[in-house]
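K.L.:
Next up, model.cif (mmCIF, C-alpha atoms).
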data_final
loop_
_atom_site.label_atom_id
_atom_site.label_comp_id
_atom_site.auth_asym_id
_atom_site.auth_seq_id
_atom_site.Cartn_x
_atom_site.Cartn_y
_atom_site.Cartn_z
CA MET W 203 -16.68 13.88 0.04
CA THR W 204 -20.38 13.33 -0.28
CA LYS W 205 -22.51 12.49 2.72
CA ASP W 206 -22.85 8.85 1.61
CA LYS W 207 -19.07 8.54 2.10
CA SER W 208 -18.48 7.37 -1.47
CA TYR W 209 -14.78 7.20 -2.25
CA VAL W 210 -15.22 6.18 -5.91
CA LEU W 211 -13.41 9.28 -7.08
CA GLY W 212 -12.91 10.85 -10.46
CA LEU W 213 -16.15 9.75 -12.11
CA PRO W 214 -19.07 12.05 -13.03
CA GLY W 215 -22.42 11.13 -11.55
CA SER W 216 -23.81 9.10 -14.48
CA ALA W 217 -20.54 7.26 -15.05
CA ARG W 218 -20.32 6.52 -11.33
CA LEU W 219 -23.71 4.82 -11.39
CA GLN W 220 -22.76 2.79 -14.48
CA GLU W 221 -19.41 1.68 -13.04
CA ILE W 222 -20.27 1.17 -9.38
CA HIS W 223 -20.73 -2.61 -9.69
CA HIS W 224 -17.55 -3.04 -11.72
CA LEU W 225 -15.58 -0.93 -9.25
CA LYS W 226 -16.98 -2.43 -6.08
CA ALA W 227 -14.17 -3.67 -3.82
CA VAL W 228 -14.33 -7.31 -2.78
CA GLN W 229 -12.15 -9.28 -0.41
CA ILE W 230 -9.55 -11.35 -2.20
CA GLN W 231 -10.08 -15.04 -2.91
CA MET W 232 -7.22 -17.54 -2.81
CA SER W 233 -7.62 -18.08 -6.55
CA GLN W 234 -6.82 -14.39 -7.11
CA VAL W 235 -3.52 -14.24 -5.21
CA GLU W 236 -1.29 -14.97 -8.20
CA GLY W 237 -3.12 -12.46 -10.39
CA LEU W 238 -3.04 -9.76 -7.74
CA ALA W 239 0.68 -10.32 -7.21
CA THR W 240 1.19 -9.67 -10.92
CA VAL W 241 -0.94 -6.51 -10.85
CA LEU W 242 0.86 -5.10 -7.80
CA SER W 243 4.33 -5.98 -9.08
CA GLN W 244 3.58 -4.10 -12.30
CA ALA W 245 2.07 -1.16 -10.42
CA PHE W 246 5.13 -0.86 -8.15
CA HIS W 247 7.75 -1.47 -10.85
CA ASN W 248 8.72 2.22 -11.02
CA ASP W 249 7.86 3.13 -7.44
CA PRO W 250 10.69 5.32 -6.05
CA ARG W 251 11.22 3.13 -2.97
CA VAL W 252 11.43 0.02 -5.16
CA ALA W 253 13.79 1.70 -7.61
CA TYR W 254 15.99 2.73 -4.65
CA ILE W 255 16.18 -0.84 -3.34
CA LEU W 256 16.36 -2.47 -6.78
CA PRO W 257 17.91 -0.02 -9.27
CA GLU W 258 18.11 -2.61 -12.06
CA GLU W 259 14.85 -3.26 -13.91
CA VAL W 260 15.66 -6.92 -14.45
CA ALA W 261 15.93 -7.38 -10.69
CA ARG W 262 12.59 -5.67 -10.15
CA ARG W 263 10.91 -7.93 -12.70
CA SER W 264 12.28 -10.96 -10.87
CA VAL W 265 11.85 -9.94 -7.23
CA LEU W 266 8.55 -8.04 -7.13
CA PRO W 267 6.21 -10.89 -8.18
CA TRP W 268 7.84 -13.13 -5.56
CA PHE W 269 7.67 -10.40 -2.90
CA PHE W 270 3.97 -9.68 -3.36
CA ARG W 271 2.95 -13.33 -3.79
CA SER W 272 5.03 -14.88 -1.01
CA VAL W 273 5.61 -12.03 1.44
CA ALA W 274 3.32 -8.97 1.27
CA ILE W 275 0.03 -10.65 0.37
CA ARG W 276 0.62 -13.54 2.78
CA ALA W 277 1.52 -11.20 5.65
CA SER W 278 -1.49 -8.99 4.92
CA GLN W 279 -3.82 -11.99 4.94
CA LEU W 280 -2.53 -12.88 8.41
CA CYS W 281 -2.48 -9.33 9.79
CA GLY W 282 -5.19 -7.42 7.97
CA GLU W 283 -7.45 -7.38 4.94
CA ILE W 284 -6.95 -7.38 1.18
CA TYR W 285 -9.40 -5.98 -1.34
CA THR W 286 -9.50 -6.14 -5.12
CA THR W 287 -12.24 -5.91 -7.76
CA ALA W 288 -14.12 -8.68 -9.54
CA THR W 289 -11.87 -8.22 -12.56
CA LEU W 290 -8.60 -7.67 -10.66
CA ASP W 291 -8.29 -4.03 -11.70
CA GLY W 292 -6.12 -3.38 -8.67
CA GLY W 293 -5.55 -4.27 -5.07
CA ILE W 294 -5.06 -2.81 -1.62
CA LEU W 295 -3.30 -4.30 1.41
CA TRP W 296 -4.51 -3.08 4.80
CA ILE W 297 -2.98 -3.94 8.17
CA SER W 298 -5.53 -3.90 10.96
CA PRO W 299 -5.11 -1.99 14.23
CA GLY W 300 -2.60 -3.52 16.61
CA HIS W 301 -1.00 -5.79 14.00
CA GLU W 302 1.65 -3.47 12.57
CA SER W 303 4.50 -5.02 14.57
CA THR W 304 3.47 -8.55 13.66
CA PHE W 305 3.26 -7.58 9.98
CA ALA W 306 6.73 -6.01 10.13
CA ARG W 307 8.19 -9.10 11.82
CA ILE W 308 6.71 -11.45 9.23
CA VAL W 309 8.08 -9.35 6.36
CA GLN W 310 11.49 -9.08 8.00
CA THR W 311 11.66 -12.84 8.68
CA GLU W 312 10.68 -13.71 5.11
CA MET W 313 13.15 -11.24 3.63
CA GLN W 314 16.01 -12.48 5.80
CA ALA W 315 15.20 -16.09 4.93
CA ALA W 316 15.30 -15.26 1.22
CA GLN W 317 18.34 -13.01 1.02
CA PHE W 318 19.36 -14.91 -2.09
CA LYS W 319 16.60 -12.98 -3.88
CA LEU W 320 18.47 -9.71 -3.27
CA ARG W 321 22.07 -8.75 -3.80
CA ARG W 322 23.78 -7.54 -0.64
CA PRO W 323 23.66 -3.81 -1.56
CA SER W 324 19.92 -4.08 -2.26
CA PHE W 325 19.34 -5.88 1.04
CA ARG W 326 21.21 -3.13 2.91
CA ARG W 327 19.12 -0.45 1.16
CA TRP W 328 15.94 -2.31 2.11
CA ILE W 329 17.05 -2.42 5.77
CA ASN W 330 17.89 1.29 5.68
CA LEU W 331 14.53 2.28 4.19
CA ARG W 332 12.55 -0.05 6.46
CA ALA W 333 14.25 1.20 9.63
CA HIS W 334 13.71 4.86 8.75
CA MET W 335 10.06 4.48 7.73
CA GLU W 336 9.19 2.32 10.74
CA GLY W 337 10.54 5.11 12.94
CA ILE W 338 8.38 7.66 11.11
CA HIS W 339 5.37 5.36 11.42
CA ARG W 340 5.79 5.00 15.19
CA ARG W 341 6.21 8.74 15.65
CA VAL W 342 3.31 9.83 13.45
CA ALA W 343 0.69 7.12 14.08
CA LYS W 344 0.31 6.59 17.81
CA GLY W 345 -2.43 4.39 19.16
CA PRO W 346 -4.68 1.97 17.26
CA HIS W 347 -4.97 2.70 13.53
CA TRP W 348 -5.35 1.09 10.12
CA PHE W 349 -2.16 0.96 8.03
CA LEU W 350 -2.51 1.13 4.24
CA ALA W 351 0.54 -0.93 3.28
CA ALA W 352 0.12 -1.06 -0.51
CA LEU W 353 -2.28 0.23 -3.17
CA GLY W 354 -1.83 -0.44 -6.87
CA VAL W 355 -3.99 -0.59 -9.99
CA ARG W 356 -3.67 -2.18 -13.40
CA SER W 357 -4.34 0.89 -15.56
CA LEU W 358 -3.28 4.50 -15.04
CA ASN W 359 -6.36 5.63 -17.00
CA THR W 360 -8.71 4.49 -14.23
CA MET W 361 -6.31 4.76 -11.31
CA LYS W 362 -8.22 7.38 -9.35
CA ALA W 363 -11.65 5.73 -9.63
CA ILE W 364 -10.41 2.21 -8.89
CA SER W 365 -8.22 3.39 -6.02
CA GLY W 366 -11.20 5.23 -4.57
CA ALA W 367 -13.30 2.08 -4.70
CA LEU W 368 -10.54 0.02 -3.10
CA VAL W 369 -10.02 2.32 -0.12
CA GLU W 370 -13.74 2.66 0.63
CA PRO W 371 -14.46 -0.43 2.78
CA VAL W 372 -11.78 0.20 5.38
CA LEU W 373 -12.16 3.99 5.40
CA SER W 374 -15.87 3.53 6.11
CA ARG W 375 -15.14 1.01 8.85
CA ALA W 376 -12.49 3.26 10.37
CA ASP W 377 -15.03 6.09 10.45
CA GLY W 378 -17.56 3.86 12.19
CA ASP W 379 -14.99 2.69 14.73
CA ARG W 380 -13.56 6.21 15.17
CA LEU W 381 -10.06 5.08 14.17
CA PRO W 382 -7.42 6.93 12.15
CA CYS W 383 -5.67 5.53 9.07
CA TYR W 384 -2.00 5.84 8.12
CA VAL W 385 -0.29 5.67 4.73
CA GLU W 386 3.14 6.37 3.30
CA THR W 387 3.61 7.50 -0.27
CA PHE W 388 6.78 8.08 -2.23
CA HIS W 389 4.96 9.75 -5.14
CA GLU W 390 4.24 13.45 -4.73
CA ALA W 391 1.70 13.13 -7.55
CA PHE W 392 -0.40 10.81 -5.35
CA LEU W 393 -0.85 13.40 -2.59
CA PRO W 394 -4.03 14.98 -4.08
CA PHE W 395 -5.76 11.58 -4.18
CA TYR W 396 -4.97 10.82 -0.55
CA GLU W 397 -5.91 14.34 0.49
CA GLU W 398 -9.26 13.96 -1.27
CA CYS W 399 -9.77 10.79 0.79
CA GLY W 400 -9.15 12.80 3.95
CA PHE W 401 -5.46 12.13 4.63
CA GLN W 402 -3.22 14.95 5.75
CA ILE W 403 0.58 15.14 5.66
CA ALA W 404 1.99 14.46 9.13
CA GLY W 405 5.63 13.99 8.18
CA ALA W 406 7.81 14.32 5.11
CA GLY W 407 11.45 14.18 4.12
CA GLN W 408 14.03 12.00 2.44
CA VAL W 409 15.19 8.56 3.47
CA PRO W 410 18.86 8.87 4.51
CA ARG W 411 21.77 7.54 2.43
CA GLY W 412 20.35 8.52 -0.92
CA GLY W 413 16.85 7.19 -0.38
CA PRO W 414 13.64 8.54 -1.94
CA ASN W 415 11.46 11.40 -0.76
CA PHE W 416 8.46 10.33 1.30
CA TRP W 417 5.23 11.69 2.73
CA ALA W 418 3.64 10.11 5.82
CA MET W 419 -0.08 10.85 6.04
CA ILE W 420 -2.78 10.45 8.69
CA ARG W 421 -6.52 10.42 8.18
CA ALA W 422 -8.72 11.25 11.15
CA PRO W 423 -12.12 9.50 11.29
CA ARG W 424 -15.00 11.37 9.72
CA GLU W 425 -18.53 11.79 10.97
#
Go ahead and express the file in the form of structure tokens.
P.N.:
Amino acid sequence: MTKDKSYVLGLPGSARLQEIHHLKAVQIQMSQVEGLATVLSQAFHNDPRVAYILPEEVARRSVLPWFFRSVAIRASQLCGEIYTTATLDGGILWISPGHESTFARIVQTEMQAAQFKLRRPSFRRWINLRAHMEGIHRRVAKGPHWFLAALGVRSLNTMKAISGALVEPVLSRADGDRLPCYVETFHEAFLPFYEECGFQIAGAGQVPRGGPNFWAMIRAPRE
């Protein structure tokens, strides 16, 4: 990273200057919730954890927009911060230090109240994955920390640059507050991006009962 702590990755210097305004992360407005739910549901459509819970594509197309609009975004607004760009190129859901348990309870309550959205086998797989990953989270990330709950972008062509812009506000704040950050990824191909942002693998494996591979990563604060 450069000394100015810029996380707008993957752009040469001149392009970075030209795109910096377009890529600047902004906190979400209520009018953007529906659009961001669409962007994130599309970004997570083929995510290994989602495909494990919802193997059928038609179910993913039905459930994911509801999940992000009514559960994940709402819980993140209550327990953390959400950033996007002026043109909704992507979005990031952060859970602030000390609010991980509250976030998990809200998600669990909403999912249990809306079991009709999931078939019973899918609901059991969600419980299995959630229980395993919450255990990993507690073991790996001890003490106050920021939790990156979801990161998705509209276009794969600009994924690295937009993702870099989206992570920047909280990474910079975490550095200033001397706090670590935690993220889970189920895509091995995403490891280089997170490593470039300063995350290191703290745990890895496979979710039991046929679940996906995962990597749990911690980022120590930088000077």
K.L.:
Go through stretch 325-368 of chain W and flag each residue having an atom no more than 12 Å from stretch 305-309 of chain W; for those, report the closest pair of atoms plus their distance in Å to one decimal, using only C-alpha atoms, ordered by chain and rising number, as a tab-separated table.
P.N.:
residue	atom	partner	partner_atom	distance
W:Trp328	CA	W:Val309	CA	11.4
W:Ile329	CA	W:Val309	CA	11.4
W:Arg332	CA	W:Ala306	CA	9.1
W:Ala333	CA	W:Ala306	CA	10.4
W:Met335	CA	W:Ala306	CA	11.3
W:Glu336	CA	W:Ala306	CA	8.7
W:His339	CA	W:Ala306	CA	11.5
W:Phe349	CA	W:Phe305	CA	10.3
W:Leu350	CA	W:Phe305	CA	11.9
W:Ala351	CA	W:Phe305	CA	9.8
K.L.:
Please enumerate the residues selected by the PyMOL selection byres ((chain W and resi 361) around 12) when evaluated against the supplied file, formatted as a compact mmCIF listing (two decimals) with C-alpha atoms, keeping the file's coordinate frame.
P.N.:
# COMPACT_ATOMS: atom_id res chain seq x y z
CA VAL W 210 -15.22 6.18 -5.91
CA LEU W 211 -13.41 9.28 -7.08
CA GLY W 212 -12.91 10.85 -10.46
CA LEU W 213 -16.15 9.75 -12.11
CA LEU W 225 -15.58 -0.93 -9.25
CA ALA W 245 2.07 -1.16 -10.42
CA ASP W 291 -8.29 -4.03 -11.70
CA GLY W 292 -6.12 -3.38 -8.67
CA GLY W 293 -5.55 -4.27 -5.07
CA LEU W 353 -2.28 0.23 -3.17
CA GLY W 354 -1.83 -0.44 -6.87
CA VAL W 355 -3.99 -0.59 -9.99
CA ARG W 356 -3.67 -2.18 -13.40
CA SER W 357 -4.34 0.89 -15.56
CA LEU W 358 -3.28 4.50 -15.04
CA ASN W 359 -6.36 5.63 -17.00
CA THR W 360 -8.71 4.49 -14.23
CA LYS W 362 -8.22 7.38 -9.35
CA ALA W 363 -11.65 5.73 -9.63
CA ILE W 364 -10.41 2.21 -8.89
CA SER W 365 -8.22 3.39 -6.02
CA GLY W 366 -11.20 5.23 -4.57
CA ALA W 367 -13.30 2.08 -4.70
CA LEU W 368 -10.54 0.02 -3.10
CA PHE W 392 -0.40 10.81 -5.35
CA PHE W 395 -5.76 11.58 -4.18
K.L.:
Starting from the PyMOL selection byres ((chain W and resi 282) around 9), expand the selection into actual residues of this file and give them as a PyMOL selection string.
P.N.:
chain W and resi 277-281+283-284+295-299+301+305+348-349
K.L.:
Would you save the residues of that selection, restricted to C-alpha atoms, as a short mmCIF file (atom, residue, chain, number, x, y, z; two decimals), in the frame of the given file?
P.N.:
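out35.cif, written as the output of this step:
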data_model
loop_
_atom_site.label_atom_id
_atom_site.label_comp_id
_atom_site.auth_asym_id
_atom_site.auth_seq_id
_atom_site.Cartn_x
_atom_site.Cartn_y
_atom_site.Cartn_z
CA ALA W 277 1.52 -11.20 5.65
CA SER W 278 -1.49 -8.99 4.92
CA GLN W 279 -3.82 -11.99 4.94
CA LEU W 280 -2.53 -12.88 8.41
CA CYS W 281 -2.48 -9.33 9.79
CA GLU W 283 -7.45 -7.38 4.94
CA ILE W 284 -6.95 -7.38 1.18
CA LEU W 295 -3.30 -4.30 1.41
CA TRP W 296 -4.51 -3.08 4.80
CA ILE W 297 -2.98 -3.94 8.17
CA SER W 298 -5.53 -3.90 10.96
CA PRO W 299 -5.11 -1.99 14.23
CA HIS W 301 -1.00 -5.79 14.00
CA PHE W 305 3.26 -7.58 9.98
CA TRP W 348 -5.35 1.09 10.12
CA PHE W 349 -2.16 0.96 8.03
#
K.L.:
How many Å separate atom CA of W:Val260 from atom CA of W:Lys319?
P.N.:
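If I compute the distance from atom CA of W:Val260 to atom CA of W:Lys319, I get 12.2 Å.
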K.L.:
Find the axis-aligned box for stretch 259-274 of chain W, covering all its listed atoms and adding 8 Å on each side, and write its centre and edge lengths in Å to one decimal as lines of an AutoDock Vina configuration file.
P.N.:
center_x = 9.4
center_y = -9.1
center_z = -6.5
size_x = 29.0
size_y = 27.6
size_z = 31.9
K.L.:
Excluding W:Met232 and its own-chain neighbours fewer than 5 positions away, which residues fall within 12 Å of it when counting all atoms listed in the file? Please give them as a list in words.
P.N.:
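Residues meeting the cut-off are Gly237, Leu238, Ala239, Arg271, Ile275, Arg276, Gln279, Ile284, Tyr285 and Thr286 of chain W.
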K.L.:
Please list as a ChimeraX atom specification every residue within 12 Å of W:Lys344, counting only C-alpha atoms and excluding residues in the same chain fewer than 5 positions away.
P.N.:
/W:299-300,302,337-339,349,381-384,404,420
K.L.:
Got a sec to resolve the PyMOL selection byres ((chain W and resi 267) around 10) on this structure and send the residues as a list in words?
P.N.:
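For this structure, the PyMOL selection byres ((chain W and resi 267) around 10) resolves to Glu236, Gly237, Leu238, Ala239, Thr240, Val241, Leu242, Ser243, Gln244, His247, Arg262, Arg263, Ser264, Val265, Leu266, Trp268, Phe269, Phe270, Arg271, Ser272 and Val273 of chain W.
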K.L.:
Point out the residue among W:Ser324, W:Gln314, W:Thr289, W:Thr304 with the least atom-to-atom distance to W:Ala261, counting only C-alpha atoms.
P.N.:
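Smallest distance to W:Ala261 is found for W:Ser324.
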K.L.:
What residues have an atom no more than 9 Å from (3.5, 15.1, 14.2) in the file's own frame, counting all atoms listed in the file, and can you write them as a ChimeraX atom specification?
P.N.:
/W:341-343,404-405
K.L.:
Work out how far apart atom CA of W:Ile255 and atom CA of W:Arg327 are and give it in Å to one decimal.
P.N.:
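Computing it gives 5.4 Å between the two atoms.
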K.L.:
Can you work out the spacing between atom CA of W:Gly400 and atom CA of W:Arg421 in Å, to one decimal?
P.N.:
5.5 Å
K.L.:
So which one's closest to W:Pro371, W:Val409, W:Pro250, W:His334, W:Ile294? Using all atoms listed in the file, please.
P.N.:
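Selected residue with least distance to W:Pro371: W:Ile294.
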K.L.:
Rank W:Val369, W:Ala253, W:Ala352, W:Met313 by their smallest atom-to-atom distance to W:Ala227, using all atoms listed in the file, and report the top residue only.
P.N.:
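Comparing W:Val369, W:Ala253, W:Ala352, W:Met313 against W:Ala227, the winner is W:Val369.
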